[in-house]
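J.: For reference, the structure I am asking about is given below.
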Amino acid sequence: MEFLAHICYYRKRGVDLIIKYRDKPAKIAGYEALLKRLPAHHAKRGLIQEKLNGARAGLGGEERLDQLLESFDPPYPYLVLQGVELPGKCQIDLMVITPSWLVLLEVKNIAGRLRFTENPSALHQLTPAGEMKGYKSPIIQMETAEMKITKLLKQLNCPLRVQSAIVIAYPSQIVESVPAGAKVWSADEVLIQLERLQMTNSSISASQMTALGDHLLSIQDHYNPFPLAPKFDILPSEIENGVFCPRCRLKKMDRLLRIWECKSCFILSGEAHFEALEEWFMIHKSTITTTECKEFLGLPDRDAAKRLLKRMGLEERGGRRHRQYVKRMEK
Ligand SMILES: [Zn+2]
């Protein structure tokens with residue numbers, strides 16, 4: 001239960017509040033690893049770089065909102081859950097629970113001019129470079145999430161009302177034609193909008209709020225974006241093998257007796273293969289055999305590969321001849 005490390009309980013005005021902090025999206029590390037291991041002129045580099053830029057910008061926007069919310073100080077207790085992943089691919093960038101409302105916020109950090117279209121619903125971006133791009137409508141995404149959560153609250157017999165909004169991370173993003181009824185807020189007005197929410201009689205107690213927050217975190221269903229190579233139709237043979245130097249990043253290390261050495265900056269490392277194996281699981285597949293490990297890390301023999309794999313704390317499957325080491329997805 002790795003995510004518990006990112007949850008904080010503290011008392012404010014006599015109420016136990018939970019804050020669940022955001023994890024850096026795993027796909028950012030995955031795209032970085034894939035770019036590191038693809039040849040300089042590979043045809044898919046541009047697409048992966050674009051995905052990486054988008055994921056980094058998305059995280060930047062979410063972190064800006066997290067920061068703004070640190071100064072949220074309403075006269076009622078509240079919980080903040082950052083980056084919640086509920087079953088059915090229902091990902092919420094930020095969830096605020098108050099005694100009367102459950103607020104869902106989806107943050108957009110896409111540069112340039114943004115236009116919401118209807119029939120069909122989409123989001124069009126005119127990039128600063130003058131290029132047009134289309135995205136799934138975040139309004140539909142939020143309405144779907146709102147529906148799912150409303151249903152969930154009903155099942156839990158919870159009287160909270162649900163409100164969703166799209167948050168534009170920076171004022172430099174120019175938004176046009178927001179459909180009537182849709183809520184699109186600037187990051188700077190989120191606190192005011194939250195304070196304005198009317199508290200009603202049908203509210204829940206602070207301990208019920210904590211119980212609801214605990215429940216939502218306990219049913220989280222983490223989306224696994226890996227392995228990336230098959231998703232991008234990249235063949236295993238197109239991906240570079242080897243252990244990269246943790247200092248100069250670009251040079252591959254050599255295996256000496258029980259240690260890795262970079263011939264370029266002369267550093268020694270006993271653990272450089274850990275990162276390489278993590279990259280294997282992000283790029284290739286969730287399992288590895290001793291033969292695959294020997295090839296990927298550039299080890300002299302399978303016994304050396306077996307020794308390293310045994311120390312990785314991986315699940316072992318299959319008999320002696322067909323043993324596979326499996327990376328479990330952390331929940
Ligand atoms: Zn080096």
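Letters A, B, ... mark the chains of the structure tokens in the order given; residue numbers begin at 1 per chain; ligand numbers begin at 1, in order shown.
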Within 12 Å of ligand 1, which residues show up when you count only C-alpha atoms and all ligand atoms? List them as a list in words, please.
T.: Val243, Phe244, Cys245, Pro246, Arg247, Cys248, Arg249, Leu250, Lys251, Lys252, Met253, Asp254, Trp260, Glu261, Cys262, Lys263, Ser264, Cys265, Phe266, Ile267, Leu268, Ser269 and Ala272 of chain A
J.: If you keep C-alpha atoms, can you produce a file of those selected residues as a compact mmCIF listing (two decimals), in the first residue's frame?
T.:
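Full text of result_32.txt as output:
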# COMPACT_ATOMS: atom_id res chain seq x y z
CA VAL A 243 23.01 0.28 -17.98
CA PHE A 244 23.31 4.04 -18.30
CA CYS A 245 25.64 6.08 -16.11
CA PRO A 246 23.70 7.88 -13.33
CA ARG A 247 25.99 10.92 -13.65
CA CYS A 248 26.59 11.60 -17.34
CA ARG A 249 23.31 9.78 -18.29
CA LEU A 250 24.32 9.14 -21.89
CA LYS A 251 27.20 6.72 -21.50
CA LYS A 252 26.69 3.06 -20.80
CA MET A 253 28.47 1.45 -17.90
CA ASP A 254 30.66 -1.66 -17.94
CA TRP A 260 29.39 -0.89 -12.66
CA GLU A 261 31.92 1.57 -14.04
CA CYS A 262 31.48 4.52 -16.39
CA LYS A 263 34.51 4.70 -18.68
CA SER A 264 33.71 8.33 -19.39
CA CYS A 265 33.42 9.90 -15.92
CA PHE A 266 35.00 7.01 -13.98
CA ILE A 267 32.27 6.70 -11.37
CA LEU A 268 31.56 3.33 -9.83
CA SER A 269 28.09 2.17 -8.82
CA ALA A 272 23.03 1.34 -11.45
J.: Fewer than 6 positions away in the same chain doesn't count, so skip those; otherwise give me all residues within 12 Å of Ile204 (chain A), counting only C-alpha atoms, as a list in words.
T.: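 Result of the neighbour search: Tyr76, Pro77, Tyr78, Ile97, Thr98, Pro99, Ser100, Trp101, Leu102, Asn157, Cys158, Pro159, Leu160, Arg161, Thr210, Ala211 and Leu212 of chain A.
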J.: Could you tell me which of A:Lys27, A:Lys285, A:Lys154, A:His273 comes closest to Arg328 (chain A) if we count only C-alpha atoms?
T.: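 Smallest distance to Arg328 (chain A) is found for A:Lys285.
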J.: Let's see if you can do this: from backbone DSSP, list all strand (DSSP E) residues in region 173-219 of chain A, as a list in words.
T.: Ile174, Val175, Glu176, Val184, Trp185 and Ser186 of chain A
J.: I'd like to know which of A:Asn109, A:Ser237, A:Leu79, A:Leu256 is closest to Asn53 (chain A), using only C-alpha atoms.
T.: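 Among the listed residues, A:Asn109 lies closest to Asn53 (chain A).
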